[in-house]
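Colleague: Coordinates in upload23.pdb, PDB, C-alpha atoms, pLDDT in the B column, are listed below.
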ATOM      1  CA  MET A   1     -10.499  -4.060   5.827  1.00 44.00           C
ATOM      2  CA  SER A   2     -13.452  -1.674   5.740  1.00 54.00           C
ATOM      3  CA  ASP A   3     -14.000   1.007   3.119  1.00 77.00           C
ATOM      4  CA  ASP A   4     -13.486   3.648   5.815  1.00 83.00           C
ATOM      5  CA  ARG A   5     -10.080   2.189   6.657  1.00 85.00           C
ATOM      6  CA  THR A   6      -9.168   2.035   2.964  1.00 85.00           C
ATOM      7  CA  GLU A   7     -10.169   5.664   2.537  1.00 88.00           C
ATOM      8  CA  LEU A   8      -8.034   6.620   5.547  1.00 90.00           C
ATOM      9  CA  ASN A   9      -5.055   4.770   4.034  1.00 90.00           C
ATOM     10  CA  VAL A  10      -5.586   6.500   0.680  1.00 91.00           C
ATOM     11  CA  ASP A  11      -5.743   9.903   2.382  1.00 93.00           C
ATOM     12  CA  ALA A  12      -2.648   9.104   4.461  1.00 95.00           C
ATOM     13  CA  LEU A  13      -0.718   7.975   1.373  1.00 95.00           C
ATOM     14  CA  GLU A  14      -1.717  11.095  -0.559  1.00 95.00           C
ATOM     15  CA  ALA A  15      -0.536  13.292   2.327  1.00 96.00           C
ATOM     16  CA  LEU A  16       2.709  11.327   2.595  1.00 97.00           C
ATOM     17  CA  LEU A  17       3.351  11.633  -1.148  1.00 97.00           C
ATOM     18  CA  GLU A  18       2.897  15.400  -0.900  1.00 97.00           C
ATOM     19  CA  GLU A  19       5.276  15.484   2.071  1.00 96.00           C
ATOM     20  CA  GLU A  20       7.772  13.423   0.053  1.00 96.00           C
ATOM     21  CA  ARG A  21       7.438  15.808  -2.913  1.00 97.00           C
ATOM     22  CA  THR A  22       8.080  18.810  -0.675  1.00 96.00           C
ATOM     23  CA  ALA A  23      11.173  17.145   0.793  1.00 95.00           C
ATOM     24  CA  LEU A  24      12.502  16.337  -2.683  1.00 94.00           C
ATOM     25  CA  LEU A  25      11.896  19.846  -4.004  1.00 94.00           C
ATOM     26  CA  SER A  26      13.467  21.491  -0.960  1.00 94.00           C
ATOM     27  CA  GLY A  27      16.471  19.138  -0.962  1.00 90.00           C
ATOM     28  CA  VAL A  28      15.798  17.723   2.505  1.00 92.00           C
ATOM     29  CA  LEU A  29      16.612  14.199   1.380  1.00 90.00           C
ATOM     30  CA  ASP A  30      17.276  12.782   4.855  1.00 92.00           C
ATOM     31  CA  LYS A  31      13.518  12.957   5.510  1.00 93.00           C
ATOM     32  CA  LEU A  32      12.969  10.338   2.807  1.00 93.00           C
ATOM     33  CA  THR A  33      14.438   7.532   4.904  1.00 93.00           C
ATOM     34  CA  ASP A  34      11.940   8.275   7.676  1.00 93.00           C
ATOM     35  CA  MET A  35       9.052   8.277   5.194  1.00 94.00           C
ATOM     36  CA  LEU A  36       9.906   5.005   3.467  1.00 93.00           C
ATOM     37  CA  PRO A  37       8.581   2.567   6.108  1.00 95.00           C
ATOM     38  CA  ARG A  38       5.287   4.488   6.358  1.00 95.00           C
ATOM     39  CA  LYS A  39       4.965   4.616   2.592  1.00 94.00           C
ATOM     40  CA  GLU A  40       5.626   0.877   2.237  1.00 94.00           C
ATOM     41  CA  ALA A  41       3.106   0.041   4.985  1.00 94.00           C
ATOM     42  CA  LEU A  42       0.388   2.170   3.391  1.00 93.00           C
ATOM     43  CA  ILE A  43       0.991   0.699  -0.058  1.00 90.00           C
ATOM     44  CA  ASP A  44       0.953  -2.836   1.374  1.00 91.00           C
ATOM     45  CA  ALA A  45      -2.318  -2.110   3.177  1.00 89.00           C
ATOM     46  CA  LEU A  46      -3.891  -0.770  -0.012  1.00 87.00           C
ATOM     47  CA  ASN A  47      -2.626  -3.717  -2.047  1.00 87.00           C
ATOM     48  CA  GLY A  48      -4.365  -6.073   0.376  1.00 83.00           C
ATOM     49  CA  VAL A  49      -7.904  -4.949  -0.440  1.00 83.00           C
ATOM     50  CA  PRO A  50      -9.920  -4.646  -3.677  1.00 81.00           C
ATOM     51  CA  HIS A  51     -10.411  -1.098  -4.957  1.00 73.00           C
ATOM     52  CA  PRO A  52     -13.585  -0.090  -6.710  1.00 69.00           C
ATOM     53  CA  ASP A  53     -12.329   3.496  -7.074  1.00 80.00           C
ATOM     54  CA  ILE A  54      -9.982   3.324 -10.069  1.00 85.00           C
ATOM     55  CA  PRO A  55      -9.618   7.145 -10.512  1.00 90.00           C
ATOM     56  CA  THR A  56      -8.250   7.432  -6.960  1.00 87.00           C
ATOM     57  CA  LEU A  57      -5.686   4.720  -7.661  1.00 85.00           C
ATOM     58  CA  GLN A  58      -4.710   6.436 -10.904  1.00 91.00           C
ATOM     59  CA  SER A  59      -4.220   9.700  -9.019  1.00 92.00           C
ATOM     60  CA  LEU A  60      -1.967   7.947  -6.507  1.00 91.00           C
ATOM     61  CA  ASP A  61      -0.032   6.317  -9.336  1.00 92.00           C
ATOM     62  CA  ILE A  62       0.566   9.704 -10.971  1.00 95.00           C
ATOM     63  CA  LYS A  63       1.877  11.122  -7.685  1.00 95.00           C
ATOM     64  CA  VAL A  64       4.160   8.141  -7.086  1.00 94.00           C
ATOM     65  CA  LYS A  65       5.596   8.435 -10.617  1.00 96.00           C
ATOM     66  CA  ARG A  66       6.023  12.211 -10.227  1.00 97.00           C
ATOM     67  CA  ASN A  67       7.982  11.697  -7.002  1.00 96.00           C
ATOM     68  CA  GLN A  68      10.066   8.965  -8.622  1.00 96.00           C
ATOM     69  CA  LEU A  69      11.110  11.407 -11.355  1.00 97.00           C
ATOM     70  CA  LEU A  70      12.073  13.953  -8.695  1.00 96.00           C
ATOM     71  CA  LEU A  71      14.039  11.312  -6.812  1.00 94.00           C
ATOM     72  CA  ASP A  72      15.824  10.239  -9.993  1.00 96.00           C
ATOM     73  CA  GLY A  73      16.786  13.875 -10.611  1.00 94.00           C
ATOM     74  CA  ALA A  74      18.089  14.263  -7.060  1.00 92.00           C
ATOM     75  CA  LEU A  75      20.181  11.098  -7.384  1.00 93.00           C
ATOM     76  CA  GLU A  76      21.604  12.280 -10.695  1.00 95.00           C
ATOM     77  CA  GLY A  77      22.560  15.579  -9.073  1.00 92.00           C
ATOM     78  CA  ILE A  78      24.275  13.773  -6.202  1.00 92.00           C
ATOM     79  CA  ARG A  79      26.205  11.603  -8.674  1.00 95.00           C
ATOM     80  CA  ASN A  80      27.313  14.700 -10.609  1.00 95.00           C
ATOM     81  CA  VAL A  81      28.535  16.415  -7.452  1.00 93.00           C
ATOM     82  CA  ALA A  82      30.423  13.294  -6.341  1.00 94.00           C
ATOM     83  CA  GLU A  83      32.056  13.007  -9.760  1.00 94.00           C
ATOM     84  CA  ARG A  84      33.011  16.684  -9.758  1.00 93.00           C
ATOM     85  CA  LEU A  85      34.504  16.440  -6.249  1.00 92.00           C
ATOM     86  CA  ALA A  86      36.528  13.373  -7.268  1.00 89.00           C
ATOM     87  CA  THR A  87      37.854  15.280 -10.288  1.00 85.00           C
ATOM     88  CA  LEU A  88      38.806  18.260  -8.131  1.00 84.00           C
ATOM     89  CA  ARG A  89      40.634  16.015  -5.633  1.00 82.00           C
ATOM     90  CA  ARG A  90      42.521  14.351  -8.472  1.00 77.00           C
ATOM     91  CA  LEU A  91      43.453  17.686 -10.055  1.00 75.00           C
ATOM     92  CA  ARG A  92      44.565  19.203  -6.765  1.00 77.00           C
ATOM     93  CA  GLY A  93      47.415  16.687  -6.464  1.00 72.00           C
ATOM     94  CA  SER A  94      48.814  17.057  -9.972  1.00 74.00           C
ATOM     95  CA  LEU A  95      49.136  19.311 -12.949  1.00 76.00           C
ATOM     96  CA  GLU A  96      48.660  17.993 -16.470  1.00 78.00           C
ATOM     97  CA  THR A  97      50.645  19.696 -19.177  1.00 83.00           C
ATOM     98  CA  TYR A  98      52.015  18.905 -22.624  1.00 86.00           C
ATOM     99  CA  GLY A  99      55.695  18.755 -23.463  1.00 84.00           C
ATOM    100  CA  SER A 100      57.410  20.032 -26.616  1.00 87.00           C
ATOM    101  CA  ASP A 101      56.922  16.561 -28.077  1.00 90.00           C
ATOM    102  CA  GLY A 102      53.135  16.916 -27.716  1.00 88.00           C
ATOM    103  CA  LYS A 103      52.791  14.198 -25.086  1.00 89.00           C
ATOM    104  CA  LYS A 104      50.778  14.689 -21.925  1.00 86.00           C
ATOM    105  CA  ARG A 105      52.785  14.848 -18.725  1.00 84.00           C
ATOM    106  CA  ASN A 106      51.742  14.853 -15.093  1.00 79.00           C
ATOM    107  CA  ILE A 107      53.616  17.079 -12.727  1.00 77.00           C
ATOM    108  CA  GLY A 108      53.135  16.300  -9.048  1.00 72.00           C
ATOM    109  CA  VAL A 109      52.159  19.260  -6.919  1.00 67.00           C
ATOM    110  CA  ASP A 110      53.245  19.484  -3.297  1.00 63.00           C
ATOM    111  CA  THR A 111      50.087  20.272  -1.356  1.00 60.00           C
ATOM    112  CA  ASP A 112      51.783  20.920   1.979  1.00 61.00           C
ATOM    113  CA  HIS A 113      50.302  24.234   3.078  1.00 60.00           C
ATOM    114  CA  SER A 114      51.991  24.369   6.456  1.00 66.00           C
ATOM    115  CA  VAL A 115      53.744  27.518   7.545  1.00 66.00           C
ATOM    116  CA  GLU A 116      57.354  27.272   8.633  1.00 70.00           C
ATOM    117  CA  LYS A 117      58.221  29.453  11.560  1.00 71.00           C
ATOM    118  CA  ARG A 118      61.811  30.707  11.709  1.00 72.00           C
ATOM    119  CA  ALA A 119      63.494  32.445  14.535  1.00 66.00           C
TER     120      ALA A 119
END
Kindly present the structure from the file in structure tokens form.

Modeller:
Amino acid sequence: MSDDRTELNVDALEALLEEERTALLSGVLDKLTDMLPRKEALIDALNGVPHPDIPTLQSLDIKVKRNQLLLDGALEGIRNVAERLATLRRLRGSLETYGSDGKKRNIGVDTDHSVEKRA
């Protein structure tokens, strides 16, 4: 691979990493699945040739790590939302209370919200 081609791949990867960062910061996570094959192909192409320009590789590494931290944060947020929704679903179907003996009791709640029409 020529140096010109390597430089084009570096520029393309830098642009893609910025696009990925923007998607992560704006919460448009579905774009990430479209970017992954391009990102993998560019990284594979760069791994296949020797690089005399170490500062450029270090800059790319910093951007990849920065995006990984953003992705980790997004995944943690998604996990928290899923956990909170599961808790709300569980609480919607029952009521926890304590009896006079101090023991926890579950009281089932009828969640039928239909309206009965009478003549």

Colleague: Report the distance between atom CA of Ala82 of chain A and atom CA of Thr33 of chain A in Å, rounded to one decimal place.

Modeller: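 For atom CA of Ala82 of chain A relative to atom CA of Thr33 of chain A, the distance reads 20.4 Å.
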
Colleague: Which of these residues is nearest to Leu24 of chain A, using only C-alpha atoms: A:Leu88, A:Ile107, A:Ala41, A:Leu70?

Modeller: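 Closest candidate: A:Leu70.
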
Colleague: If you apply the PyMOL selection byres ((chain A and resi 48-63) around 8) to this file, what residues do you get, as number ranges by chain?

Modeller: A: 1, 6, 13-14, 17, 44-47, 64-67

Colleague: Find the distance between atom CA of Arg89 of chain A and atom CA of Gly73 of chain A and write it in Å to one decimal.

Modeller: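 We find that atom CA of Arg89 of chain A and atom CA of Gly73 of chain A lie 24.5 Å from each other.
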
Colleague: I want to know what sits within 8 Å of Leu42 of chain A, based on all atoms listed in the file, with residues of the same chain fewer than 5 positions away left out; could you give that as JSON, numbers by chain?

Modeller: {"A": [9, 10, 12, 13]}

Colleague: Ranking A:Leu85, A:Arg79, A:Asp11, A:Ala74 by minimum distance to Lys39 of chain A and counting only C-alpha atoms, which one comes first?

Modeller: A:Asp11

Colleague: From the list A:Leu29, A:Met35, A:Asp3, A:Lys117, which residue is nearest Leu75 of chain A when using all atoms listed in the file?

Modeller: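 So, comparing all the options, the nearest one is A:Leu29.
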
Colleague: What is the distance, in Å and to one decimal place, between atom CA of Gly93 of chain A and atom CA of Glu76 of chain A?

Modeller: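 Those two atoms sit 26.5 Å apart.
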
Colleague: From the options A:Glu83, A:Asp72, A:Asp34, A:Asp101, which residue's atoms come nearest to Glu20 of chain A, counting all atoms listed in the file?

Modeller: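 The shortest atom-to-atom distance to Glu20 of chain A comes from A:Asp34.
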
Colleague: Would you write out, as a PyMOL selection string, every residue that the PyMOL selection byres ((chain A and resi 104-106) around 12) captures in this file?

Modeller: chain A and resi 90-103+107-109

Colleague: Please define a box with edges along x, y and z of the file around all atoms of segment 72-85 of chain A given in the file, extend it by 6 Å on each side, and return its centre and edge lengths in Å to one decimal, as AutoDock Vina command-line options.

Modeller:
--center_x 25.2 --center_y 13.5 --center_z -8.4 --size_x 30.7 --size_y 18.4 --size_z 16.5

Colleague: Closest to Gly27 of chain A among A:Gln68, A:Glu7, A:Ile78, A:Ala15, using all atoms listed in the file?

Modeller: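 Closest to Gly27 of chain A, using all atoms listed in the file: A:Ile78.
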